[in-house]
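A quick write-up on the structure given underneath.
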Amino acid sequence: MNLDTQSLQPIINFIWTVADDVLINKYLENQYQDVILPMTVLRRLDLALEPTKDKVQKTHNDFKDKIDNLSGLLTSKEHGSGLAFYNTSPYTMKKLLADPKNIDTNLQDYLNGFSANVQDIISKFKFRNQLETFENTGITFSLIEKFCSPKVELRPEKISPMAMGYMFEDLIRRFNEKTNAAAGRHFTPREIIELMTHLVYLPVKDKIQQGTYLVYDPCAGSGAMLTQSKIFATDPEGEVKSQATFHLYGQENTGEMYAVCKSDMLLKGEDPDKIKFGSTLSEYGFDPDLKFNFMLTNPPYGTSWKQDIDNLSVGEGKKKAIVDKRFNLPIRNFEGELVETCLTSRSNDGQLMFMLHMLSKMKDPKDGGSRIASIHNGSALFTGDAGSGESGIRQYILENDLLECIIQLPNDIFYNTGIATFVWIITNVKEKKRQGKVQLINASSDAFYKRKRKNLGEKKVELSDTHILDIQNLYFEFEENEYSKIFDTEDFGFYQIPVFQPQRDENGNIIKDSKGKLKSDTSLKDVENVPMKEDIQAYFDREVKPFLPDAWYDTKGAKVGYEIPFTKYFYQHASIRNLSEIEKDILKLEAETEGLLKEIIA
């Protein structure tokens with residue numbers, strides 16, 4: 001049985017005390033996680049291998065001089081661990097404690113005994129870099145003894161990958177708070193993953209009962225989205241009950257999170273080679289032609305992707321450009337022509353680039369198409385003027401009718417940020433009633449969350465099962481109400497047209513050129529955003545002419561823009577109190593403060 005979040009706290013607290021009890025004065029505070037995180041993962045792997053230790057040891061000793069590659073035998077159920085990894089050393093963590101004098105040498109031997117896939121995990125944690133410090137400071141025994149305590153219950157059958165995700169998120173959050181570091185991008189709360197998996201799988205549950213499906217997270221983190229989505233789809237007691245085969249793919253460029261993700265894939269019996277290390281945008285780890293049926297992710301937002309730009313760019317000087325076909329796409333110009341355009345967001349925020357990447361990994365609708373759930377902050381909705389990369393990305397998504405729904409989540413629902421966040425649901429196989437439409441759901445009010453009894457970092461609220469059901473009901477009902485609005489894709493588009501005003505001489509007279517045309521005053525040049533559904537001339541006559549009677553526009557240089565002003569559509573006007581009520585309250589306050597002042601003086 002998996003432990004719930006609350007019951008994980010004693011384990012997390014105990015692991016946290018290891019840093020204060022063992023590492024203090026030996027490591028700087030900002031280095032604690034370099035020891036604690038890999039030790040947590042290694043102990044978890046160690047416990048998984050413990051029941052088959054003797055069998056693996058015997059097989060290794062019997063065949064090491066007879067067969068060159070023992071991996072098949074050492075991972076088999078009959079002769080080995082029955083898992084995708086093993087350890088051929090004579091030690092477990094507990095056995096290391098039996099020989100305190102030689103514990104440092106034996107620890108080296110223990111680490112070297114792991115299979116190649118675990119060696120990759122150890123390497124990404126850079127754990128061997130710590131061994132010299134362990135030996136020099138004499139902490140090896142006490143550190144291992146702490147992690148072998150019954151208080152650190154890390155057995156895979158007790159702690160699920162989701163629970164491990166919580167543990168790592170909480171530990172990392174604490175380390176960051178202790179060192180006043182930025183919390184960065186880490187774990188997505190369980191209830192948000194549940195909501196995302198429901199909206200990805202439930203609309204097509206009848207179509208995925210059999211067959212093989214590929215699930216992908218380009219920013220895999222701890223891997224929780226991947227593993228939880230598979231559990232939801234295949235749970236025989238769940239809502240989908242699929243008997244299909246689901247293969248999990250992911251990529252992560254943070255070494256420690258990659259190591260956590262890969263270790264849990266090993267423990268879950270998933271293929272660890274389907275988790276790749278490196279930057280998805282510039283070091284994509286899979287076959288470029290590989291497509292996925294389902295994609296779920298929480299990409300980093302407000303994070304620079306400049307290094308990716310440098311890695312992707314080819315050419316010199318002004319000719320330097322990104323030629324990657326994922327980011328060069330046809331979008332419509334003002335004249336209605338499709339023009340291939342390099343769509344790149346500003347270098348300090350690459351979140352929409354991950355969206356483009358996922359769009360390039362969608363299966364053809366003839367092959368069943370794809371469904372995507374991706375979390376973004378508000379800037380993905382509106383940042384970037386007409387003609388910018390961000391606007392162009394939104395244009396491509398909307399004009400190709402890929403956006404199905406956007407859901408605003410409550411503030412303060414993430415561990416490391418209190419800002420507004422939104423789940424985008426993308427698909428290239430919309431059902432008929434949704435074609436040409438976009439649904440916006442406002443689930444940010446207190447009707448959709450409950451307050452936590454105790455805050456976890458910035459996380460002050462959470463969604464209950466009932467709240468998740470309420471949100472998905474709004475989605476499936478596909479009707480307009482207080483919390484749900486439905487729009488045509490064109491409703492988010494506009495034409496940005498240049499607006500000119502004439503020059504005037506010192507006497508206030510309008511200046512004309514030799515042909516009698518008005519000369520424009522460059523200092524007064526402006527632009528007007530005309531909704532795509534409106535006639536430009538009619539809009540100009542109504543919105544501009546009454547205020548600037550001499551102004552004119554020119555469609556030469558006009559641009560196409562797209563934005564999704566989410567809050568505008570759900571804005572509720574609060575009526576202003578009348579003056580007599582305000583006056584009464586002021587007089588009442590004055591009377592109260594006057595009485596208080598007399599008491600103080602007396």
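Going through the structure tokens in order, the chains are called A, B, and so on, while each chain numbers its residues from 1 and the ligands are numbered from 1 in the order shown.
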So that I can check the surroundings of A:Met358, please list as a ChimeraX atom specification every protein, DNA and RNA residue that reaches within 12 Å of it, counting only C-alpha atoms and ignoring chain neighbours fewer than 2 positions away. /A:215-219,250,280-281,284,288,290-297,299,326-327,351-356,360-363,370-374,397,402,426-428
Do a neighbour search on A:Ile193 at 10 Å with only C-alpha atoms, toss out local chain neighbours closer than 3 positions, and write the hits as an MDAnalysis selection string. chainID A and resid 188:190 196:199 224:226 228:229 296:298 373
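Near A:Glu191, within a cut-off of 9 Å and counting only C-alpha atoms, sit the residues Met196, Glu462, Leu463, Ser464, Asp465 and Ile468 of chain A, with same-chain residues fewer than 5 positions away left out.
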Just want the 10 Å neighbourhood of A:Asp273, counted on only C-alpha atoms, with same-chain residues fewer than 2 positions away dropped. Output as a PDB file with N, CA, C and O atoms, in the first residue's frame.
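Dumped to part-v4.pdb:
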```pdb
ATOM      1  N   ASN A 117      23.028   0.489 -16.101  1.00  0.00           N
ATOM      2  CA  ASN A 117      21.966   1.498 -16.043  1.00  0.00           C
ATOM      3  C   ASN A 117      21.978   2.254 -14.712  1.00  0.00           C
ATOM      4  O   ASN A 117      21.646   3.433 -14.657  1.00  0.00           O
ATOM      5  N   TYR A 249       8.080   7.315 -22.429  1.00  0.00           N
ATOM      6  CA  TYR A 249       9.277   7.990 -22.922  1.00  0.00           C
ATOM      7  C   TYR A 249       9.413   9.345 -22.232  1.00  0.00           C
ATOM      8  O   TYR A 249       8.416  10.034 -21.995  1.00  0.00           O
ATOM      9  N   GLY A 250      10.646   9.732 -21.943  1.00  0.00           N
ATOM     10  CA  GLY A 250      10.853  11.042 -21.325  1.00  0.00           C
ATOM     11  C   GLY A 250      12.267  11.532 -21.517  1.00  0.00           C
ATOM     12  O   GLY A 250      13.183  10.756 -21.821  1.00  0.00           O
ATOM     13  N   LYS A 262      15.000   7.924 -13.813  1.00  0.00           N
ATOM     14  CA  LYS A 262      15.486   6.644 -14.351  1.00  0.00           C
ATOM     15  C   LYS A 262      15.447   5.553 -13.286  1.00  0.00           C
ATOM     16  O   LYS A 262      15.099   4.395 -13.577  1.00  0.00           O
ATOM     17  N   MET A 265      11.935   4.312 -13.005  1.00  0.00           N
ATOM     18  CA  MET A 265      11.570   3.495 -14.167  1.00  0.00           C
ATOM     19  C   MET A 265      12.124   2.078 -14.002  1.00  0.00           C
ATOM     20  O   MET A 265      11.462   1.090 -14.337  1.00  0.00           O
ATOM     21  N   LEU A 266      13.334   1.974 -13.462  1.00  0.00           N
ATOM     22  CA  LEU A 266      13.914   0.659 -13.181  1.00  0.00           C
ATOM     23  C   LEU A 266      13.052  -0.118 -12.193  1.00  0.00           C
ATOM     24  O   LEU A 266      12.763  -1.296 -12.381  1.00  0.00           O
ATOM     25  N   GLU A 270       9.796  -0.500 -16.064  1.00  0.00           N
ATOM     26  CA  GLU A 270       9.757   0.198 -17.350  1.00  0.00           C
ATOM     27  C   GLU A 270      11.145   0.153 -17.994  1.00  0.00           C
ATOM     28  O   GLU A 270      12.140  -0.124 -17.330  1.00  0.00           O
ATOM     29  N   ASP A 271      11.192   0.451 -19.280  1.00  0.00           N
ATOM     30  CA  ASP A 271      12.467   0.450 -19.999  1.00  0.00           C
ATOM     31  C   ASP A 271      13.238   1.720 -19.670  1.00  0.00           C
ATOM     32  O   ASP A 271      12.848   2.812 -20.106  1.00  0.00           O
ATOM     33  N   ILE A 275      14.225   6.752 -21.163  1.00  0.00           N
ATOM     34  CA  ILE A 275      14.437   8.035 -20.483  1.00  0.00           C
ATOM     35  C   ILE A 275      15.803   8.557 -20.918  1.00  0.00           C
ATOM     36  O   ILE A 275      16.820   7.897 -20.721  1.00  0.00           O
ATOM     37  N   LYS A 276      15.822   9.719 -21.542  1.00  0.00           N
ATOM     38  CA  LYS A 276      17.054  10.272 -22.102  1.00  0.00           C
ATOM     39  C   LYS A 276      17.489  11.502 -21.311  1.00  0.00           C
ATOM     40  O   LYS A 276      16.663  12.237 -20.754  1.00  0.00           O
ATOM     41  N   PHE A 277      18.798  11.723 -21.326  1.00  0.00           N
ATOM     42  CA  PHE A 277      19.370  12.888 -20.646  1.00  0.00           C
ATOM     43  C   PHE A 277      19.750  13.949 -21.675  1.00  0.00           C
ATOM     44  O   PHE A 277      20.236  13.635 -22.756  1.00  0.00           O
TER      45      PHE A 277
END
```
As a PyMOL selection string, which residues of stretch 353-578 of chain A does DSSP assign to alpha helix (DSSP H)? chain A and resi 353-360+379-382+389-399+465-477+536-543+566-569
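Of the listed residues (A:Ala259, A:Leu456, A:Val200, A:Ala420), A:Ala420 comes nearest to A:Thr567; the distances count only C-alpha atoms.
Proximity to stretch 25-35 of chain A at 8 Å, evaluated using only C-alpha atoms and with sequence-adjacent residues fewer than 2 positions away removed, yields Ala19, Val22, Leu23, Leu37, Pro38, Met39, Phe125, Lys126, Phe127, Gln130, Thr137, Ile172, Phe175, Asn176, Lys178 and Thr179 of chain A.
Note that the spacing between atom CA of A:Asp401 and atom CA of A:Asp308 amounts to 28.3 Å.
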Do you know which residues are at most 10 Å from A:Val527 counting only C-alpha atoms, after dropping those on the same chain fewer than 6 positions away, and could you put them as a list in words? Tyr495, Gln496, Ile497, Pro498, Val499, Phe500, Tyr553 and Ala558 of chain A
Export of prior selection with N, CA and C atoms as a CSV table (one decimal), in the first residue's frame:
```csv
chain,number,residue,atom,x,y,z
A,495,TYR,N,-5.8,41.9,-36.4
A,495,TYR,CA,-4.9,42.5,-37.4
A,495,TYR,C,-4.3,43.8,-36.8
A,496,GLN,N,-3.0,43.8,-36.7
A,496,GLN,CA,-2.3,45.1,-36.2
A,496,GLN,C,-2.0,46.0,-37.4
A,497,ILE,N,-2.7,47.1,-37.5
A,497,ILE,CA,-2.5,48.0,-38.6
A,497,ILE,C,-1.9,49.3,-38.2
A,498,PRO,N,-0.9,49.8,-39.1
A,498,PRO,CA,-0.3,51.1,-38.8
A,498,PRO,C,-1.3,52.3,-38.9
A,499,VAL,N,-1.3,53.2,-38.0
A,499,VAL,CA,-2.1,54.4,-38.0
A,499,VAL,C,-1.3,55.6,-38.1
A,500,PHE,N,-1.6,56.5,-39.0
A,500,PHE,CA,-0.8,57.7,-39.2
A,500,PHE,C,-1.6,59.0,-39.0
A,553,TYR,N,-5.1,54.9,-42.0
A,553,TYR,CA,-4.4,53.6,-41.8
A,553,TYR,C,-3.9,53.1,-43.2
A,558,ALA,N,0.8,45.7,-42.3
A,558,ALA,CA,-0.1,45.1,-41.3
A,558,ALA,C,0.3,43.7,-40.9
```
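Neighbours of A:Lys53 closer than or equal to 12 Å, with only C-alpha atoms counted and sequence neighbours fewer than 4 positions away skipped, come out as Leu45, Asp46, Leu47, Ala48, Leu49, Gln57, Lys58, Thr59, His60, Leu74, Thr75, His79, Gly80, Ser81, Gly82, Leu83, Phe85, Tyr86, Asn87, Thr88, Ser89, Pro90, Tyr91, Thr92, Met93, Lys95, Gly113 and Phe114 of chain A.
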Work out how far atom CA of A:Cys405 is from atom CA of A:Glu479, in Å to one decimal. 12.3 Å
Would you list, as a ChimeraX atom specification, the residues of stretch 406-491 of chain A that end up in strand (DSSP E) under DSSP run on this structure's backbone? /A:406-408,421-427,437-442,450-456,459-462,484-488
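Using only C-alpha atoms, the nearest neighbour of A:Val240 within the list A:Glu528, A:Glu335, A:Asp206, A:Glu78 is A:Asp206.
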